[in-house]
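> Below is a structure I'd like to ask you about.
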Amino acid sequence: MYGIILAGGSGSRLWPISRELYPKQLLNIQNENSLLQSTCKRLLSFMPKKNIIASTGVKHLSSVKSQLLGIAEEIKILSEPISRNTAPAIAVAAKMIESKSKDDVVLVVPSDHLIKDVDKFKNTVEKGEELAKMGYIVTFGVQPSYPETGYGYINISDTKLCSGYKVNKFVEKPDSELAQKYVQSGKYFWNAGIFMFKTSVFLDELKKHSPEIYTLLNKFDFSKSDEIPYIDYERMPNISVDYAVMEKSDKIALVKLESDWNDLGSWASIYDTEKKDENGNALIGHVIDLDSKDSLVYSSSKLCATIGLEDIVLIETEDAVLACKKDRTQDVKKIYDILKRQNDNTHLIHKTVYRPWGFYTVLTQGDGFLTKMIQVNPGQKLSVQSHNYRSEHWVILSGTAKVVLEGKDYILSPGNSIDIPLKAIHSLQNPYKEPIKIVEVQLGSPLIEEDIIRYEDMYGRV
């Protein structure tokens, strides 16, 4: 069996902790692993490392690489040069698998689902595999426990298959009255966005129902390179796999997902999965509460003091605060979209940004200057790089830093500083056992992260 992990989403409904450049699948929301890492480990419980392909966008590539290659170096990571939704992403990954084996079964999973019962998930996959081998494209449905209006639904027919049902139709997110009817009927399941098929079956259905995607696939030759050519991928239609194949094919079967499942698609779903106090509150981080009920309060950096809230979501990060009624959390995406239209970087990036080597926090910035605190973890190093538009000044706060500047090595202790001139080739490295922290002052214009020319990089970003 092969596995495709879809790791390119923006996670806009979990703003402000989820940002465009560091979305929810990369976050450690409820345990020591990110959702992406947990997804990968779940697949590794029943398939070999070399059979897993993660599909992500170029803007998330370095973060996805650092998270997954720490688990297994054999995992293949496909980088989409431009976002084109799930149908092209799955099609390209299936094409890569076809170049190795035409009729193996493929499991497609999103990277941002919370599933704790791995054994039951594995049992469900085995049932789906039976149908996939019979030539069906299998979707895994979740038995609805309440009339959720934020999910798509799948309607099953009366035709019983060996381990599932023939699918009658897919339906869009309903209003509350229609969702209630769906739940009462017993014939509708939540669409979990998890699929399984033989590559030959999927590609044949793609050819039949989305010939534009299929024709463009013929330009991809993975026997020569794993690179996705931009000029061809850009021509792909921006379409989900539901619209491209699932809603049109007559070979769709549904298997009921036996395990727990939550797509963590809103703050209300985070509330549902968190432990509550005696008043039904989920309080995360540094929170002091008096007399609130059935509320979620999440503090990432500051004390949050709350009094008398009821059915409220309050989320605090370093640079943004969200407050809303718990039944309005699906509308958070509207705030995210407004920020994006206004070119407000609060939708794009956190003040603290995680990198394969550690992290940095933006302290201050103004006209022509920017100040960061940078931490480089033991054994890690930044790429050998230069900048066309800025000079830098580094002051060591703690640890011992190795700085390579124009081919010469400098070993710096706390209190030492060094200047990095414009266009100078340099690197910050930590070959020691303790983290290093430095203050970096950038001078120039424009001061943008894209102003990096890499010459060498241990994380494959050259």
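Every chain in the structure tokens has a letter given in the order shown (A, B, ...), and although residue numbers restart at 1 in each chain, ligands are simply numbered from 1 in the order shown.
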Find the residues near range 282-285 of chain A: any atom within 7 Å, counting only C-alpha atoms, skip ones fewer than 4 places away on the same chain, and give them as an MDAnalysis selection string.
chainID A and resid 271 274:277 295:300
> Step one, run DSSP on the backbone; step two, keep only residues of range 309-377 of chain A assigned to strand (DSSP E or B); then write them as a PyMOL selection string.
chain A and resi 310+312-316+321-325+352-355+358-366+369-376
> Just the selected residues (C-alpha atoms), exported as a compact mmCIF listing (two decimals), in the first residue's frame, please.

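Written output follows (again37.txt):
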# COMPACT_ATOMS: atom_id res chain seq x y z
CA GLU A 310 -20.49 32.10 28.36
CA ILE A 312 -17.20 32.37 24.10
CA VAL A 313 -13.95 31.62 22.26
CA LEU A 314 -11.01 33.86 23.19
CA ILE A 315 -7.64 33.24 21.49
CA GLU A 316 -4.49 35.25 22.28
CA VAL A 321 -6.56 38.44 19.68
CA LEU A 322 -9.70 36.67 18.48
CA ALA A 323 -12.98 36.80 20.43
CA CYS A 324 -16.26 35.37 19.17
CA LYS A 325 -19.33 33.36 20.11
CA THR A 352 7.69 33.82 16.15
CA VAL A 353 8.60 31.76 13.07
CA TYR A 354 9.88 28.19 13.28
CA ARG A 355 12.62 26.97 10.98
CA GLY A 358 15.27 26.63 15.45
CA PHE A 359 13.16 29.80 15.44
CA TYR A 360 13.19 33.58 15.38
CA THR A 361 10.95 36.22 16.96
CA VAL A 362 10.47 39.69 15.47
CA LEU A 363 11.03 42.18 18.32
CA THR A 364 10.68 45.55 16.58
CA GLN A 365 10.62 46.93 13.06
CA GLY A 366 10.38 50.31 11.43
CA PHE A 369 15.35 48.48 10.32
CA LEU A 370 14.16 45.20 11.84
CA THR A 371 15.24 43.47 15.07
CA LYS A 372 14.94 39.73 15.74
CA MET A 373 15.82 37.30 18.49
CA ILE A 374 17.17 34.14 16.86
CA GLN A 375 17.64 30.72 18.49
CA VAL A 376 19.74 28.03 16.77
> Tell me which protein, DNA and RNA residues are within 12 Å of Glu73 in chain A, counting only C-alpha atoms, leaving out same-chain ones fewer than 6 positions away, and put them as a list in words.
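The residues satisfying every condition are Pro48, Lys49, Lys50, Asn51, Ile52, Ile53, Lys65, Ser66, Gln67 and Tyr459 of chain A.
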> Can I get the selected residues back with C-alpha atoms, as a short mmCIF file (atom, residue, chain, number, x, y, z; two decimals), in the first residue's frame?

data_model
loop_
_atom_site.label_atom_id
_atom_site.label_comp_id
_atom_site.auth_asym_id
_atom_site.auth_seq_id
_atom_site.Cartn_x
_atom_site.Cartn_y
_atom_site.Cartn_z
CA PRO A 48 6.63 1.13 4.67
CA LYS A 49 8.37 4.51 4.91
CA LYS A 50 9.43 4.51 1.27
CA ASN A 51 5.78 4.24 0.16
CA ILE A 52 4.68 7.53 1.75
CA ILE A 53 4.45 10.69 -0.36
CA LYS A 65 10.73 18.54 5.12
CA SER A 66 12.12 19.29 8.56
CA GLN A 67 9.12 17.72 10.31
CA TYR A 459 17.93 21.09 4.78
#
> Please, which residues of range 204-266 of chain A, numbered as in this document, come out helix (DSSP H, G or I) from DSSP, as a list in words?
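Taking range 204-266 of chain A and keeping helix (DSSP H, G or I) gives Asp204, Glu205, Leu206, Lys207, Lys208, His209, Pro211, Glu212, Ile213, Tyr214, Thr215, Leu216, Leu217, Tyr230, Ile231, Asp232, Tyr233, Val241, Asp242, Tyr243, Ala244, Val245 and Met246 of chain A.
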> Using C-alpha atoms, can you export the residues from the last selection as a short mmCIF file (atom, residue, chain, number, x, y, z; two decimals), in the first residue's frame?

data_model
loop_
_atom_site.label_atom_id
_atom_site.label_comp_id
_atom_site.auth_asym_id
_atom_site.auth_seq_id
_atom_site.Cartn_x
_atom_site.Cartn_y
_atom_site.Cartn_z
CA ASP A 204 -9.05 5.96 -15.55
CA GLU A 205 -11.83 7.85 -13.75
CA LEU A 206 -9.76 11.04 -13.96
CA LYS A 207 -9.42 10.54 -17.72
CA LYS A 208 -13.17 10.07 -18.01
CA HIS A 209 -14.37 12.92 -15.79
CA PRO A 211 -9.65 14.97 -19.07
CA GLU A 212 -7.89 18.34 -18.74
CA ILE A 213 -5.99 17.15 -15.66
CA TYR A 214 -5.32 13.74 -17.17
CA THR A 215 -3.92 15.20 -20.41
CA LEU A 216 -1.55 17.49 -18.51
CA LEU A 217 -0.36 14.53 -16.44
CA TYR A 230 5.72 24.94 -13.14
CA ILE A 231 4.64 25.71 -16.69
CA ASP A 232 2.50 22.54 -16.85
CA TYR A 233 1.22 22.56 -13.28
CA VAL A 241 -11.03 15.90 -5.99
CA ASP A 242 -14.69 15.84 -4.92
CA TYR A 243 -15.74 18.00 -7.86
CA ALA A 244 -13.25 16.51 -10.32
CA VAL A 245 -13.91 12.80 -9.73
CA MET A 246 -15.85 11.75 -6.64
#
> Within 9 Å of Ala305 in chain A, counting only C-alpha atoms, which residues qualify if same-chain residues fewer than 4 places away don't, as a PyMOL selection string?
chain A and resi 286-290
> Find the spatial neighbours of Ile335 in chain A, counting only C-alpha atoms, within a cut-off of 10 Å - ignore same-chain residues fewer than 2 positions away - and output them as a VMD selection string.
chain A and resid 12 to 13 15 to 16 322 331 to 333 337 to 341 347
> Limited to N, CA and C atoms, could you put the picked residues into a file as a PDB file, in the first residue's frame?

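Output file out03.pdb is given in full below:
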ATOM      1  N   SER A  12      -7.070  28.398   7.621  1.00  0.00           N
ATOM      2  CA  SER A  12      -7.537  29.758   7.905  1.00  0.00           C
ATOM      3  C   SER A  12      -8.566  29.822   9.025  1.00  0.00           C
ATOM      4  N   ARG A  13      -9.276  28.746   9.289  1.00  0.00           N
ATOM      5  CA  ARG A  13     -10.311  28.772  10.326  1.00  0.00           C
ATOM      6  C   ARG A  13      -9.731  28.668  11.728  1.00  0.00           C
ATOM      7  N   TRP A  15      -7.120  30.639  12.556  1.00  0.00           N
ATOM      8  CA  TRP A  15      -6.445  31.894  12.827  1.00  0.00           C
ATOM      9  C   TRP A  15      -6.878  32.362  14.222  1.00  0.00           C
ATOM     10  N   PRO A  16      -6.001  32.959  15.045  1.00  0.00           N
ATOM     11  CA  PRO A  16      -4.671  33.473  14.712  1.00  0.00           C
ATOM     12  C   PRO A  16      -3.491  32.557  15.023  1.00  0.00           C
ATOM     13  N   LEU A 322      -8.411  37.016  19.079  1.00  0.00           N
ATOM     14  CA  LEU A 322      -9.704  36.671  18.484  1.00  0.00           C
ATOM     15  C   LEU A 322     -10.713  36.452  19.607  1.00  0.00           C
ATOM     16  N   ASP A 331     -16.869  31.457  11.005  1.00  0.00           N
ATOM     17  CA  ASP A 331     -16.698  32.758  10.351  1.00  0.00           C
ATOM     18  C   ASP A 331     -15.291  33.328  10.525  1.00  0.00           C
ATOM     19  N   VAL A 332     -14.444  32.647  11.272  1.00  0.00           N
ATOM     20  CA  VAL A 332     -13.073  33.138  11.444  1.00  0.00           C
ATOM     21  C   VAL A 332     -12.383  33.262  10.087  1.00  0.00           C
ATOM     22  N   LYS A 333     -12.704  32.378   9.161  1.00  0.00           N
ATOM     23  CA  LYS A 333     -12.117  32.450   7.823  1.00  0.00           C
ATOM     24  C   LYS A 333     -12.397  33.792   7.155  1.00  0.00           C
ATOM     25  N   ASP A 337      -9.670  36.205   5.522  1.00  0.00           N
ATOM     26  CA  ASP A 337      -9.753  36.687   4.135  1.00  0.00           C
ATOM     27  C   ASP A 337      -9.676  38.216   4.065  1.00  0.00           C
ATOM     28  N   ILE A 338     -10.271  38.908   5.046  1.00  0.00           N
ATOM     29  CA  ILE A 338     -10.184  40.372   5.087  1.00  0.00           C
ATOM     30  C   ILE A 338      -8.734  40.806   5.278  1.00  0.00           C
ATOM     31  N   LEU A 339      -8.022  40.151   6.210  1.00  0.00           N
ATOM     32  CA  LEU A 339      -6.613  40.481   6.447  1.00  0.00           C
ATOM     33  C   LEU A 339      -5.783  40.267   5.183  1.00  0.00           C
ATOM     34  N   LYS A 340      -6.096  39.196   4.458  1.00  0.00           N
ATOM     35  CA  LYS A 340      -5.364  38.893   3.231  1.00  0.00           C
ATOM     36  C   LYS A 340      -5.607  39.969   2.182  1.00  0.00           C
ATOM     37  N   ARG A 341      -6.863  40.393   2.027  1.00  0.00           N
ATOM     38  CA  ARG A 341      -7.178  41.441   1.050  1.00  0.00           C
ATOM     39  C   ARG A 341      -6.519  42.771   1.414  1.00  0.00           C
ATOM     40  N   HIS A 347      -2.197  37.691   8.738  1.00  0.00           N
ATOM     41  CA  HIS A 347      -2.734  36.440   8.178  1.00  0.00           C
ATOM     42  C   HIS A 347      -1.606  35.522   7.718  1.00  0.00           C
TER      43      HIS A 347
END
> Find, counting only C-alpha atoms, the residue in A:Glu392, A:Asp344, A:Glu129, A:Asp263 that gets nearest to Pro110 in chain A.
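Smallest distance to Pro110 in chain A is found for A:Asp263.
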> Quick one: distance from CA of Lys100 in chain A to CA of Ile71 in chain A in Å, one decimal?
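Spanning CA of Lys100 in chain A to CA of Ile71 in chain A is a straight-line distance of 23.1 Å.
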> I'd like the neighbourhood of Arg42 in chain A as a list in words, where a residue qualifies if any of its atoms comes within 10 Å (using only C-alpha atoms), though same-chain residues fewer than 3 positions away should be ignored.
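The filter keeps Leu36, Gln37, Ser38, Thr39, Ser45, Phe46, Met47, Ile115, Lys116, Asp117, Val118, Asp119, Phe121 and Lys122 of chain A.
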> Using only C-alpha atoms for the distances, tell me which of A:Glu32, A:Asp457, A:Asp367, A:Asp250 is nearest to Phe202 in chain A.
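Counting only C-alpha atoms, the residue closest to Phe202 in chain A is A:Asp250.
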> Could you pull the residues within 10 Å of Glu234 in chain A, counting only C-alpha atoms, minus those fewer than 2 positions along the same chain, as a ChimeraX atom specification?
/A:80-84,229-232,236-238
> Write a file of the selected residues as an mmCIF file, in the first residue's frame, keeping N, CA and C atoms.

data_model
loop_
_atom_site.group_PDB
_atom_site.id
_atom_site.type_symbol
_atom_site.label_atom_id
_atom_site.label_comp_id
_atom_site.auth_asym_id
_atom_site.auth_seq_id
_atom_site.Cartn_x
_atom_site.Cartn_y
_atom_site.Cartn_z
ATOM 1 N N GLU A 80 4.442 21.287 -4.826
ATOM 2 C CA GLU A 80 3.613 21.916 -5.846
ATOM 3 C C GLU A 80 4.106 23.353 -6.056
ATOM 4 N N PRO A 81 4.455 23.736 -7.272
ATOM 5 C CA PRO A 81 4.981 25.088 -7.502
ATOM 6 C C PRO A 81 3.934 26.174 -7.346
ATOM 7 N N ILE A 82 2.648 25.785 -7.404
ATOM 8 C CA ILE A 82 1.553 26.736 -7.238
ATOM 9 C C ILE A 82 0.347 25.950 -6.747
ATOM 10 N N SER A 83 -0.483 26.564 -5.925
ATOM 11 C CA SER A 83 -1.629 25.859 -5.349
ATOM 12 C C SER A 83 -2.702 25.632 -6.403
ATOM 13 N N ARG A 84 -3.138 24.376 -6.524
ATOM 14 C CA ARG A 84 -4.181 24.030 -7.485
ATOM 15 C C ARG A 84 -5.227 23.073 -6.899
ATOM 16 N N PRO A 229 6.998 20.361 -13.064
ATOM 17 C CA PRO A 229 7.255 21.533 -13.916
ATOM 18 C C PRO A 229 6.196 22.609 -13.728
ATOM 19 N N TYR A 230 6.645 23.829 -13.413
ATOM 20 C CA TYR A 230 5.722 24.936 -13.141
ATOM 21 C C TYR A 230 4.818 25.230 -14.330
ATOM 22 N N ILE A 231 5.390 25.274 -15.511
ATOM 23 C CA ILE A 231 4.640 25.714 -16.691
ATOM 24 C C ILE A 231 3.456 24.784 -16.982
ATOM 25 N N ASP A 232 3.598 23.490 -16.635
ATOM 26 C CA ASP A 232 2.500 22.540 -16.849
ATOM 27 C C ASP A 232 1.532 22.537 -15.675
ATOM 28 N N MET A 236 -3.045 23.501 -14.680
ATOM 29 C CA MET A 236 -4.025 22.626 -14.044
ATOM 30 C C MET A 236 -5.219 23.443 -13.546
ATOM 31 N N PRO A 237 -6.439 22.907 -13.675
ATOM 32 C CA PRO A 237 -7.592 23.601 -13.093
ATOM 33 C C PRO A 237 -7.517 23.591 -11.570
ATOM 34 N N ASN A 238 -8.003 24.648 -10.963
ATOM 35 C CA ASN A 238 -8.044 24.742 -9.502
ATOM 36 C C ASN A 238 -9.336 24.093 -9.028
#
